[in-house]
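K.L.:
Provided herewith: model-v3.txt, compact mmCIF, C-alpha atoms.
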```
# COMPACT_ATOMS: atom_id res chain seq x y z
CA MET A 1 4.53 2.92 -24.14
CA SER A 2 1.11 2.32 -22.70
CA GLY A 3 -1.29 5.13 -21.90
CA SER A 4 -1.63 4.17 -18.26
CA SER A 5 2.11 4.29 -17.57
CA MET A 6 2.16 7.76 -19.14
CA TRP A 7 -0.52 8.93 -16.72
CA ASP A 8 1.36 7.22 -13.89
CA ALA A 9 4.45 9.25 -14.81
CA ILE A 10 2.51 12.53 -14.92
CA GLY A 11 0.74 11.68 -11.65
CA GLY A 12 4.03 10.76 -9.99
CA ILE A 13 5.63 14.06 -10.94
CA VAL A 14 2.62 16.11 -9.84
CA ARG A 15 2.45 14.28 -6.49
CA ARG A 16 6.16 14.76 -5.88
CA ASP A 17 6.08 18.47 -6.76
CA LEU A 18 3.02 19.08 -4.58
CA LEU A 19 4.73 17.29 -1.68
CA LEU A 20 7.81 19.49 -2.19
CA ALA A 21 5.61 22.59 -2.28
CA MET A 22 4.02 21.51 1.01
CA ARG A 23 7.51 21.26 2.54
CA ARG A 24 8.30 24.79 1.31
CA ARG A 25 5.01 26.55 1.83
CA SER A 26 6.52 30.03 1.91
CA ASP A 27 7.90 29.63 -1.61
CA ALA A 28 4.63 28.27 -2.90
CA ALA A 29 2.56 30.98 -1.25
CA MET A 30 4.73 33.78 -2.61
CA SER A 31 2.96 34.28 -5.93
CA VAL A 32 -0.51 34.24 -4.37
CA PHE A 33 0.68 36.65 -1.68
CA PHE A 34 2.06 38.93 -4.39
CA LEU A 35 -1.28 38.92 -6.21
CA VAL A 36 -3.21 39.78 -3.07
CA ILE A 37 -0.83 42.63 -2.20
CA VAL A 38 -0.93 44.19 -5.67
CA ALA A 39 -4.69 43.86 -5.95
CA SER A 40 -5.18 45.38 -2.48
CA LEU A 41 -2.75 48.28 -2.98
CA PHE A 42 -4.30 49.55 -6.20
CA PRO A 43 -7.63 50.68 -4.66
CA LEU A 44 -5.61 52.42 -1.93
CA GLY A 45 -3.37 54.19 -4.41
CA VAL A 46 -5.93 55.09 -7.06
CA GLY A 47 -8.62 56.12 -4.61
CA PRO A 48 -11.96 54.62 -3.68
CA GLU A 49 -13.92 55.98 -6.67
CA PRO A 50 -16.05 52.92 -7.70
CA ALA A 51 -16.35 53.95 -11.35
CA VAL A 52 -12.56 54.24 -11.76
CA LEU A 53 -11.93 50.97 -9.95
CA ARG A 54 -14.42 49.15 -12.16
CA ILE A 55 -12.62 50.40 -15.27
CA ILE A 56 -9.08 49.51 -14.18
CA GLY A 57 -10.10 46.33 -12.29
CA PRO A 58 -9.85 43.73 -15.07
CA GLY A 59 -6.51 45.05 -16.30
CA VAL A 60 -4.98 45.33 -12.84
CA LEU A 61 -6.07 41.85 -11.82
CA TRP A 62 -4.84 40.29 -15.04
CA VAL A 63 -1.48 42.08 -14.88
CA ALA A 64 -1.10 41.03 -11.24
CA ALA A 65 -1.93 37.41 -12.11
CA LEU A 66 0.57 37.48 -14.98
CA LEU A 67 3.36 38.91 -12.83
CA ALA A 68 2.57 36.43 -10.04
CA CYS A 69 3.04 33.62 -12.55
CA LEU A 70 6.28 35.17 -13.82
CA LEU A 71 7.59 35.39 -10.28
CA SER A 72 7.34 31.64 -9.75
CA LEU A 73 8.65 30.59 -13.18
CA SER A 74 12.33 30.43 -12.32
CA ARG A 75 11.52 27.72 -9.76
CA VAL A 76 9.91 25.30 -12.21
CA PHE A 77 13.08 23.49 -13.28
CA THR A 78 15.98 25.18 -11.45
CA ALA A 79 15.99 23.09 -8.26
CA ASP A 80 15.67 19.83 -10.20
CA TYR A 81 18.46 20.96 -12.51
CA LEU A 82 20.84 21.76 -9.66
CA ASP A 83 20.36 18.57 -7.62
CA GLY A 84 20.46 16.21 -10.60
CA VAL A 85 16.81 15.15 -10.51
CA LEU A 86 16.22 16.66 -13.95
CA GLU A 87 18.92 14.36 -15.34
CA GLN A 88 17.06 11.39 -13.90
CA MET A 89 13.78 12.69 -15.30
CA VAL A 90 15.19 12.96 -18.81
CA LEU A 91 16.18 9.30 -18.57
CA ILE A 92 12.75 7.96 -17.63
CA PRO A 93 11.24 5.58 -20.16
CA GLN A 94 8.64 8.15 -21.24
CA PRO A 95 8.86 10.98 -23.77
CA LEU A 96 10.31 14.08 -22.13
CA ALA A 97 7.27 16.10 -23.22
CA VAL A 98 5.13 13.95 -20.89
CA LEU A 99 7.33 14.92 -17.97
CA VAL A 100 7.02 18.59 -18.97
CA VAL A 101 3.23 18.32 -18.87
CA GLY A 102 3.48 16.94 -15.33
CA LYS A 103 5.85 19.70 -14.20
CA VAL A 104 3.65 22.42 -15.73
CA LEU A 105 0.50 20.92 -14.27
CA ALA A 106 2.11 20.96 -10.82
CA HIS A 107 3.26 24.55 -11.34
CA TRP A 108 -0.26 25.57 -12.29
CA VAL A 109 -1.83 23.81 -9.30
CA ILE A 110 0.63 25.55 -6.96
CA SER A 111 0.69 29.04 -8.42
CA GLY A 112 -2.16 29.34 -10.95
CA LEU A 113 -5.11 27.60 -9.32
CA PRO A 114 -4.96 29.69 -6.10
CA VAL A 115 -5.06 32.81 -8.28
CA VAL A 116 -8.20 31.56 -10.02
CA LEU A 117 -9.83 30.65 -6.70
CA LEU A 118 -9.01 34.01 -5.11
CA SER A 119 -10.02 36.11 -8.10
CA PRO A 120 -13.76 36.47 -7.22
CA LEU A 121 -12.78 37.97 -3.87
CA LEU A 122 -10.27 40.33 -5.43
CA GLY A 123 -12.73 41.22 -8.19
CA LEU A 124 -15.22 42.35 -5.55
CA GLN A 125 -12.61 44.85 -4.31
CA PHE A 126 -12.75 46.48 -7.74
CA GLY A 127 -16.53 46.59 -7.81
CA LEU A 128 -16.90 43.72 -10.28
CA ASP A 129 -20.00 41.61 -9.80
CA GLY A 130 -22.46 39.45 -11.66
CA GLU A 131 -21.47 38.34 -15.13
CA PRO A 132 -18.15 40.25 -15.40
CA LEU A 133 -16.97 38.55 -12.19
CA GLY A 134 -17.83 35.15 -13.64
CA VAL A 135 -16.04 36.03 -16.88
CA LEU A 136 -12.98 37.11 -14.86
CA VAL A 137 -12.79 33.72 -13.14
CA LEU A 138 -13.34 31.89 -16.42
CA SER A 139 -10.74 33.96 -18.25
CA LEU A 140 -8.17 33.26 -15.52
CA LEU A 141 -9.10 29.57 -15.55
CA LEU A 142 -8.30 29.45 -19.27
CA GLY A 143 -5.42 31.91 -19.16
CA THR A 144 -3.28 30.85 -16.21
CA PRO A 145 -2.53 27.33 -17.58
CA THR A 146 -1.47 29.02 -20.82
CA LEU A 147 0.86 31.29 -18.84
CA SER A 148 2.37 28.24 -17.08
CA MET A 149 2.80 26.39 -20.38
CA ILE A 150 4.49 29.30 -22.17
CA GLY A 151 6.51 30.10 -19.06
CA ALA A 152 7.91 26.56 -18.96
CA ILE A 153 9.61 27.15 -22.33
CA GLY A 154 11.34 30.24 -20.96
CA ALA A 155 12.22 28.56 -17.68
CA ALA A 156 13.84 25.66 -19.54
CA LEU A 157 15.72 27.95 -21.94
CA VAL A 158 17.44 29.88 -19.14
CA LEU A 159 18.50 26.80 -17.12
CA GLY A 160 22.04 27.23 -15.86
CA VAL A 161 22.19 30.90 -16.87
CA ARG A 162 23.06 33.61 -14.35
CA GLY A 163 20.45 36.33 -13.84
CA SER A 164 17.87 33.96 -15.25
CA GLY A 165 14.96 35.71 -13.53
CA LEU A 166 15.24 38.80 -15.69
CA LEU A 167 16.02 36.83 -18.82
CA VAL A 168 12.99 34.59 -18.47
CA ALA A 169 10.79 37.68 -18.13
CA LEU A 170 12.23 39.15 -21.34
CA LEU A 171 11.73 35.85 -23.16
CA VAL A 172 8.16 35.09 -22.20
CA LEU A 173 6.58 38.55 -21.79
CA PRO A 174 6.04 39.06 -25.54
CA LEU A 175 4.25 35.70 -25.63
CA TYR A 176 2.19 36.64 -22.57
CA VAL A 177 0.85 39.82 -24.17
CA PRO A 178 -1.89 38.18 -26.29
CA VAL A 179 -3.12 36.22 -23.28
CA LEU A 180 -3.23 39.42 -21.24
CA ILE A 181 -5.12 41.31 -23.95
CA PHE A 182 -7.70 38.56 -24.49
CA GLY A 183 -8.10 37.93 -20.75
CA ALA A 184 -8.61 41.53 -19.67
CA GLY A 185 -10.57 42.17 -22.87
CA ALA A 186 -13.04 39.40 -22.04
CA VAL A 187 -13.91 41.02 -18.72
CA THR A 188 -14.06 44.54 -20.18
CA SER A 189 -16.36 43.55 -23.02
CA SER A 190 -18.57 41.64 -20.61
CA MET A 191 -18.85 44.82 -18.51
CA ALA A 192 -19.73 46.76 -21.66
CA GLY A 193 -22.60 44.35 -22.18
CA ILE A 194 -21.35 42.75 -25.39
CA GLY A 195 -20.36 39.48 -23.70
CA GLY A 196 -16.88 38.01 -23.34
CA GLU A 197 -17.39 34.95 -25.53
CA ALA A 198 -15.16 36.07 -28.40
CA ASN A 199 -12.20 36.81 -26.15
CA LEU A 200 -12.79 33.67 -24.11
CA SER A 201 -12.74 31.58 -27.29
CA LEU A 202 -9.43 33.17 -28.25
CA LEU A 203 -8.08 32.39 -24.76
CA GLY A 204 -9.21 28.80 -25.22
CA ALA A 205 -7.43 28.69 -28.58
CA CYS A 206 -4.24 30.02 -26.93
CA LEU A 207 -4.50 27.29 -24.29
CA VAL A 208 -4.93 24.51 -26.85
CA LEU A 209 -2.07 25.84 -28.96
CA SER A 210 0.27 26.11 -25.97
CA LEU A 211 -0.74 22.64 -24.73
CA PHE A 212 0.16 21.28 -28.13
CA LEU A 213 3.44 23.11 -28.76
CA ALA A 214 4.95 24.11 -25.40
CA PRO A 215 5.77 20.58 -24.11
CA TRP A 216 7.88 19.81 -27.21
CA ALA A 217 9.63 23.17 -27.16
CA THR A 218 10.32 22.85 -23.42
CA ALA A 219 11.61 19.29 -23.84
CA ALA A 220 14.02 20.44 -26.55
CA ALA A 221 15.23 23.29 -24.31
CA ILE A 222 15.82 20.92 -21.38
CA ARG A 223 17.88 18.56 -23.55
CA ILE A 224 20.06 21.46 -24.66
CA ALA A 225 20.50 22.61 -21.06
CA LEU A 226 21.63 19.14 -19.95
CA GLU A 227 24.19 18.60 -22.73
CA MET B 1 34.30 -1.59 -28.25
CA ASN B 2 31.79 -4.04 -26.81
CA VAL B 3 30.38 -4.58 -23.35
CA GLU B 4 28.97 -8.07 -22.97
CA PRO B 5 26.32 -9.20 -20.48
CA GLY B 6 27.90 -10.18 -17.19
CA THR B 7 30.84 -7.82 -17.56
CA LEU B 8 31.74 -4.46 -16.16
CA LEU B 9 33.54 -1.71 -18.03
CA ALA B 10 35.65 0.39 -15.70
CA VAL B 11 36.47 3.76 -17.23
CA VAL B 12 39.60 5.21 -15.67
CA GLY B 13 41.74 8.21 -16.47
CA GLU B 14 42.93 11.57 -15.23
CA ASN B 15 40.61 14.35 -14.15
CA GLY B 16 39.24 16.08 -17.21
CA SER B 17 39.99 13.22 -19.58
CA GLY B 18 36.32 12.86 -20.45
CA LYS B 19 35.19 9.93 -18.31
CA THR B 20 31.96 11.57 -17.22
CA SER B 21 31.29 12.83 -20.74
CA LEU B 22 31.68 9.28 -22.02
CA LEU B 23 29.21 8.02 -19.44
CA ARG B 24 26.75 10.78 -20.41
CA ILE B 25 27.13 9.75 -24.04
CA PHE B 26 26.37 6.15 -23.02
CA SER B 27 23.30 7.35 -21.14
CA SER B 28 22.08 9.31 -24.22
CA LEU B 29 22.14 12.60 -22.26
CA LEU B 30 24.94 13.83 -24.50
CA PRO B 31 24.90 13.22 -28.26
CA PRO B 32 28.30 11.95 -29.48
CA GLU B 33 30.24 14.23 -31.83
CA GLY B 34 31.30 11.23 -33.86
CA GLY B 35 30.52 7.54 -33.83
CA SER B 36 27.46 5.96 -32.31
CA VAL B 37 26.36 3.98 -29.28
CA LEU B 38 24.48 0.79 -30.06
CA TRP B 39 22.27 -1.20 -27.70
CA ASP B 40 21.47 -4.67 -29.00
CA GLY B 41 22.62 -3.48 -32.43
CA GLN B 42 20.39 -0.39 -32.55
CA ASP B 43 21.38 3.24 -32.14
CA ILE B 44 20.33 4.50 -28.70
CA HIS B 45 19.18 7.84 -30.12
CA GLN B 46 16.68 5.97 -32.26
CA LEU B 47 15.56 3.69 -29.44
CA LYS B 48 14.96 6.73 -27.16
CA GLU B 49 12.52 5.71 -24.40
CA LEU B 50 13.02 2.01 -25.13
CA TYR B 51 16.70 2.50 -24.27
CA SER B 52 15.88 4.57 -21.18
CA GLY B 53 13.82 1.60 -20.04
CA GLN B 54 16.97 -0.55 -20.04
CA LEU B 55 19.24 1.55 -17.86
CA THR B 56 19.78 2.91 -14.40
CA TYR B 57 21.96 6.01 -14.43
CA LEU B 58 23.62 7.58 -11.43
CA GLY B 59 25.57 10.72 -12.22
CA HIS B 60 27.89 12.63 -9.95
CA LEU B 61 24.85 14.55 -8.72
CA ASN B 62 22.81 12.41 -6.38
CA GLY B 63 19.38 13.42 -7.61
CA ILE B 64 18.17 13.73 -4.03
CA LYS B 65 15.66 16.33 -2.87
CA ASP B 66 16.83 17.98 0.36
CA ASP B 67 13.26 18.57 1.51
CA LEU B 68 12.18 14.94 1.17
CA THR B 69 13.16 12.10 3.49
CA PRO B 70 15.43 9.33 2.14
CA LEU B 71 12.39 7.05 1.96
CA GLU B 72 10.33 9.57 -0.04
CA ASN B 73 13.31 10.27 -2.28
CA LEU B 74 13.80 6.61 -3.06
CA ILE B 75 10.12 5.89 -3.65
CA SER B 76 9.62 8.89 -5.92
CA ALA B 77 12.85 8.18 -7.83
CA MET B 78 11.74 4.60 -8.46
CA SER B 79 8.24 5.57 -9.52
CA LEU B 80 9.69 8.21 -11.87
CA ALA B 81 12.00 5.61 -13.34
CA GLY B 82 8.96 3.46 -14.12
CA GLU B 83 9.83 0.80 -11.54
CA PRO B 84 7.47 1.66 -8.68
CA CYS B 85 8.36 0.03 -5.37
CA SER B 86 6.48 -0.47 -2.12
CA SER B 87 7.35 1.42 1.02
CA ASN B 88 8.65 -1.81 2.56
CA GLY B 89 10.79 -2.56 -0.46
CA ALA B 90 12.32 0.90 -0.25
CA LYS B 91 12.99 0.50 3.47
CA GLU B 92 14.74 -2.82 2.86
CA ALA B 93 16.87 -1.26 0.11
CA LEU B 94 17.91 1.59 2.41
CA GLU B 95 18.75 -0.88 5.17
CA ALA B 96 20.72 -3.04 2.73
CA ILE B 97 23.04 -0.12 2.11
CA GLY B 98 23.37 0.60 5.82
CA LEU B 99 20.89 3.40 6.43
CA LYS B 100 18.99 2.46 9.59
CA ARG B 101 15.27 3.08 10.09
CA PRO B 102 15.47 6.29 12.16
CA ILE B 103 17.36 7.93 9.27
CA HIS B 104 14.57 7.05 6.80
CA GLN B 105 12.31 9.71 8.28
CA LEU B 106 14.80 12.60 8.48
CA PRO B 107 14.83 15.34 5.85
CA SER B 108 17.69 14.54 3.48
CA LYS B 109 19.32 17.92 4.03
CA VAL B 110 20.60 16.82 7.45
CA LEU B 111 22.37 13.76 6.02
CA SER B 112 26.11 13.63 5.41
CA GLN B 113 27.54 13.44 1.88
CA GLY B 114 28.18 9.73 2.28
CA GLN B 115 24.65 9.10 3.51
CA LYS B 116 23.16 11.05 0.59
CA ARG B 117 25.27 9.02 -1.80
CA ARG B 118 23.93 5.87 -0.16
CA VAL B 119 20.34 7.03 -0.62
CA ALA B 120 21.08 7.49 -4.32
CA LEU B 121 22.79 4.10 -4.54
CA ALA B 122 19.88 2.35 -2.80
CA ARG B 123 18.13 2.46 -6.19
CA LEU B 124 20.47 -0.32 -7.31
CA TRP B 125 18.74 -2.70 -4.89
CA LEU B 126 15.38 -2.04 -6.50
CA SER B 127 16.46 -1.77 -10.11
CA SER B 128 15.85 -4.68 -12.45
CA ARG B 129 17.37 -2.86 -15.42
CA PRO B 130 20.12 -4.74 -17.30
CA LEU B 131 22.43 -1.74 -17.76
CA TRP B 132 23.87 0.30 -14.90
CA LEU B 133 25.79 3.48 -15.62
CA LEU B 134 27.49 4.74 -12.47
CA ASP B 135 29.64 7.85 -12.16
CA GLU B 136 32.06 7.54 -9.24
CA PRO B 137 29.63 5.47 -7.15
CA PHE B 138 32.12 5.05 -4.30
CA THR B 139 32.71 8.77 -3.72
CA SER B 140 32.33 9.64 -0.02
CA LEU B 141 31.47 6.04 0.87
CA ASP B 142 33.20 4.31 3.77
CA ALA B 143 34.96 0.96 3.30
CA ALA B 144 32.01 -1.08 4.57
CA SER B 145 29.53 0.57 2.19
CA THR B 146 31.96 0.25 -0.72
CA ASN B 147 32.03 -3.49 -0.01
CA VAL B 148 28.25 -3.70 0.10
CA VAL B 149 27.91 -1.87 -3.22
CA THR B 150 30.60 -4.03 -4.81
CA LYS B 151 28.71 -7.16 -3.69
CA ARG B 152 25.56 -5.75 -5.23
CA LEU B 153 27.44 -5.10 -8.49
CA LEU B 154 28.72 -8.68 -8.46
CA ALA B 155 25.17 -10.02 -8.03
CA HIS B 156 24.02 -7.81 -10.92
CA LEU B 157 26.78 -9.09 -13.21
CA GLN B 158 26.15 -12.71 -12.22
CA ARG B 159 22.51 -12.26 -13.19
CA GLY B 160 23.75 -11.31 -16.67
CA GLY B 161 23.56 -7.57 -16.21
CA LEU B 162 26.16 -5.17 -17.46
CA ALA B 163 27.62 -2.06 -15.93
CA VAL B 164 29.81 0.87 -16.88
CA LEU B 165 31.62 2.51 -14.00
CA VAL B 166 33.64 5.68 -13.88
CA THR B 167 36.00 5.27 -10.95
CA HIS B 168 39.37 6.07 -9.47
CA GLN B 169 39.32 3.09 -7.17
CA GLU B 170 40.19 -0.53 -7.69
CA ILE B 171 37.06 -2.63 -7.88
CA ALA B 172 37.15 -5.83 -5.88
CA LEU B 173 35.53 -7.98 -8.54
CA PRO B 174 36.86 -11.14 -10.31
CA THR B 175 39.26 -9.92 -13.02
CA GLU B 176 37.55 -11.83 -15.82
CA MET B 177 34.42 -9.73 -15.23
CA VAL B 178 36.13 -6.36 -15.40
CA HIS B 179 37.35 -4.65 -18.56
CA ARG B 180 39.28 -1.45 -18.20
CA LEU B 181 39.20 1.52 -20.51
CA ARG B 182 41.86 4.12 -19.89
CA LEU B 183 41.17 7.59 -21.25
CA THR B 184 44.01 10.03 -21.79
CA GLY B 185 43.47 13.77 -21.85
```
What does the file become when written as structure tokens?

P.N.:
Amino acid sequence: MSGSSMWDAIGGIVRRDLLLAMRRRSDAAMSVFFLVIVASLFPLGVGPEPAVLRIIGPGVLWVAALLACLLSLSRVFTADYLDGVLEQMVLIPQPLAVLVVGKVLAHWVISGLPVVLLSPLLGLQFGLDGEPLGVLVLSLLLGTPTLSMIGAIGAALVLGVRGSGLLVALLVLPLYVPVLIFGAGAVTSSMAGIGGEANLSLLGACLVLSLFLAPWATAAAIRIALE
Amino acid sequence: MNVEPGTLLAVVGENGSGKTSLLRIFSSLLPPEGGSVLWDGQDIHQLKELYSGQLTYLGHLNGIKDDLTPLENLISAMSLAGEPCSSNGAKEALEAIGLKRPIHQLPSKVLSQGQKRRVALARLWLSSRPLWLLDEPFTSLDAASTNVVTKRLLAHLQRGGLAVLVTHQEIALPTEMVHRLRLTG
């Protein structure tokens, strides 16, 4: 297996999934739409007190981003599983983990990247500015790929199961908790003036760990689902 | 049991006798409960990707995306399989199996079952893999398309390829090329 053909395979999968997302824009836009709604409703519900909004802001935005990711998880493999494309993907002359990286990358570009790009705007709604706003974007940039990676394991485990949406949430939420704590914690500590570096480093560690382990775990889960 | 280059193994049997399972075992999707499948003398579960690089598998699901056009489906399937093809090559393959140009640009969800099956089978015109594993390839095909696919199979076998077919139908190929395996429930 040469390195270039591996990248070709990943690129091919990402291109195909992005093309499919373009054909079904409403599906793809759902998680971003969800994030915007949640983040806009909180100031209305809690009240316009800037001090309160600044305190709850990081947590609310991170929880909304996490739930937005969860919402789109069941779509990562299900369609491919039902129409037989997943079968074909398992039989490509590349390790299955490579394919998983491509699928997760596409999922992140469709549902994670828009969240990162929108977060400065949503942060402003909660009175975040300056360094904390930058830390928020950075924490989401490190955290959302981790969420996609971990989520892929859950999505693959529940393939072919009825009521998989709820089950995948139960499976991956415990694994999402550390990411949520470090992510929201980074912004909070940056607001408190002690800098978010420690939490950001932990987020980075989570990302590296999930990049290393999740593709293999997901590949194993897909093989079991297809037996 | 051996399948030699240039021959076709036709797996026949009643519904539920395990024909599709056997094909999935041959494709390495399903690990066998006993025994082993060897390719060139080596176990396929040890060869892994090297074995995947030798085969074209078409299951009873077509592997077609409803939102993509037949042309996009074929091109992305071939590039996934590691045998990228040009847009012109894909068009010729679709025409070879009787899908005319205007159909190439329609979303696949408006195609009939037979047309979808033909989009899936068009991969055979672009595949240079020695081993073809086909699960009921003639399902929902009309007589003319069945003929075209059979001719393509013959060309593949004459080139020294081998094929395993799960089918209910008689295959119009020279008898010395076809071995039959009858499974009983």

K.L.:
Residues of chain A near chain B: apply a cut-off of 8 Å, count only C-alpha atoms, and supply the list as a PyMOL selection string.

P.N.:
chain A and resi 5+9+12-13+16+20+23-24+80+83-95+223+226-227

K.L.:
Pull the neighbourhood of (-12.1, 45.0, -0.1) for me: all residues within 12 Å in file coordinates, counting only C-alpha atoms, as an mmCIF file with C-alpha atoms, in the frame of the given file.

P.N.:
```cif
data_model
loop_
_atom_site.group_PDB
_atom_site.id
_atom_site.type_symbol
_atom_site.label_atom_id
_atom_site.label_comp_id
_atom_site.auth_asym_id
_atom_site.auth_seq_id
_atom_site.Cartn_x
_atom_site.Cartn_y
_atom_site.Cartn_z
ATOM 1 C CA VAL A 36 -3.210 39.780 -3.070
ATOM 2 C CA ILE A 37 -0.830 42.630 -2.200
ATOM 3 C CA ALA A 39 -4.690 43.860 -5.950
ATOM 4 C CA SER A 40 -5.180 45.380 -2.480
ATOM 5 C CA LEU A 41 -2.750 48.280 -2.980
ATOM 6 C CA PHE A 42 -4.300 49.550 -6.200
ATOM 7 C CA PRO A 43 -7.630 50.680 -4.660
ATOM 8 C CA LEU A 44 -5.610 52.420 -1.930
ATOM 9 C CA PRO A 48 -11.960 54.620 -3.680
ATOM 10 C CA PRO A 50 -16.050 52.920 -7.700
ATOM 11 C CA LEU A 53 -11.930 50.970 -9.950
ATOM 12 C CA PRO A 120 -13.760 36.470 -7.220
ATOM 13 C CA LEU A 121 -12.780 37.970 -3.870
ATOM 14 C CA LEU A 122 -10.270 40.330 -5.430
ATOM 15 C CA GLY A 123 -12.730 41.220 -8.190
ATOM 16 C CA LEU A 124 -15.220 42.350 -5.550
ATOM 17 C CA GLN A 125 -12.610 44.850 -4.310
ATOM 18 C CA PHE A 126 -12.750 46.480 -7.740
ATOM 19 C CA GLY A 127 -16.530 46.590 -7.810
ATOM 20 C CA LEU A 128 -16.900 43.720 -10.280
#
```

K.L.:
Just how far from CA of Asp142 (chain B) is CA of Ile103 (chain B), in Å to one decimal?

P.N.:
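Value for the CA of Ile103 (chain B)-CA of Asp142 (chain B) distance: 17.2 Å.
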
K.L.:
Got a sec: who's within 9 Å of region 196-207 of chain A, counting only C-alpha atoms, leaving out chain neighbours fewer than 5 positions off, as a tab-separated table (two decimals) with C-alpha atoms, in the coordinates of the input?

P.N.:
```
chain	number	residue	atom	x	y	z
A	132	PRO	CA	-18.15	40.25	-15.40
A	135	VAL	CA	-16.04	36.03	-16.88
A	138	LEU	CA	-13.34	31.89	-16.42
A	139	SER	CA	-10.74	33.96	-18.25
A	142	LEU	CA	-8.30	29.45	-19.27
A	143	GLY	CA	-5.42	31.91	-19.16
A	144	THR	CA	-3.28	30.85	-16.21
A	145	PRO	CA	-2.53	27.33	-17.58
A	146	THR	CA	-1.47	29.02	-20.82
A	147	LEU	CA	0.86	31.29	-18.84
A	149	MET	CA	2.80	26.39	-20.38
A	178	PRO	CA	-1.89	38.18	-26.29
A	179	VAL	CA	-3.12	36.22	-23.28
A	181	ILE	CA	-5.12	41.31	-23.95
A	182	PHE	CA	-7.70	38.56	-24.49
A	183	GLY	CA	-8.10	37.93	-20.75
A	184	ALA	CA	-8.61	41.53	-19.67
A	185	GLY	CA	-10.57	42.17	-22.87
A	186	ALA	CA	-13.04	39.40	-22.04
A	187	VAL	CA	-13.91	41.02	-18.72
A	188	THR	CA	-14.06	44.54	-20.18
A	189	SER	CA	-16.36	43.55	-23.02
A	190	SER	CA	-18.57	41.64	-20.61
A	191	MET	CA	-18.85	44.82	-18.51
A	212	PHE	CA	0.16	21.28	-28.13
```

K.L.:
Pick the closest to Ala64 (chain A) from A:Leu159, A:Leu209, A:Ala192, A:Leu140: which is it, counting only C-alpha atoms?

P.N.:
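That would be A:Leu140, the residue with the smallest distance to Ala64 (chain A).
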
K.L.:
Please indicate the distance in Å from CA of Ser26 (chain A) to CA of Trp62 (chain A), rounded to one decimal place.

P.N.:
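Separation between CA of Ser26 (chain A) and CA of Trp62 (chain A): 22.8 Å.
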
K.L.:
For each of A:Ile153, A:Ile110, A:Val116, A:Leu70, take the minimum atom-to-atom distance to Asp27 (chain A), counting only C-alpha atoms, then give the residue where this is smallest.

P.N.:
A:Ile110

K.L.:
Could you work out how far CA of Ala219 (chain A) lies from CA of Val100 (chain A), giving the answer in Å with one decimal?

P.N.:
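Pair CA of Val100 (chain A) / CA of Ala219 (chain A) returns 6.7 Å.
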
K.L.:
Given the choices A:Leu82, A:Val76, A:Ala51, A:Ala28, which gets closest to Val104 (chain A) if the distance is worked out from all atoms listed in the file?

P.N.:
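Ranked by minimum distance to Val104 (chain A), first place goes to A:Val76.
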
K.L.:
Tell me which of B:Trp39, B:Leu183, B:Cys85, B:Glu95 sits closest to Val3 (chain B), counting only C-alpha atoms.

P.N.:
B:Trp39

K.L.:
Pro215 (chain A): which residues within 12 Å, counting only C-alpha atoms, same-chain residues fewer than 3 positions away excluded, as a PyMOL selection string?

P.N.:
chain A and resi 95-105+146+148-154+156+208-212+218-222

K.L.:
What box, with edges along x, y and z, holds each listed atom of region 60-71 of chain B when 3 Å is added on every side, and can you state its centre and edge lengths in Å to one decimal, as lines of an AutoDock Vina configuration file?

P.N.:
```
center_x = 20.0
center_y = 12.8
center_z = -3.2
size_x = 21.7
size_y = 17.5
size_z = 19.4
```

K.L.:
As a list of chain:residue names, please: the residues near Leu121 (chain B) (cut-off 9 Å, all atoms listed in the file, same-chain neighbours under 2 positions excluded).

P.N.:
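Here the qualifying residues turn out to be B:Leu58, B:Asn62, B:Leu94, B:Ile97, B:Lys116, B:Arg117, B:Arg118, B:Val119, B:Arg123, B:Leu124, B:Trp125, B:Pro137, B:Val149.
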
K.L.:
Could you list, with a cut-off of 9 Å and counting all atoms listed in the file, the residues of region 66-132 of chain B near region 155-176 of chain B, each shown with its nearest atom pair and the distance in Å rounded to one decimal, rows sorted by chain and ascending number, as CSV?

P.N.:
```
residue,atom,partner,partner_atom,distance
B:Ser128,CA,B:His156,CA,8.9
B:Arg129,CA,B:Gly161,CA,7.8
B:Pro130,CA,B:Gly161,CA,4.6
B:Leu131,CA,B:Leu162,CA,5.1
B:Trp132,CA,B:Ala163,CA,4.5
```
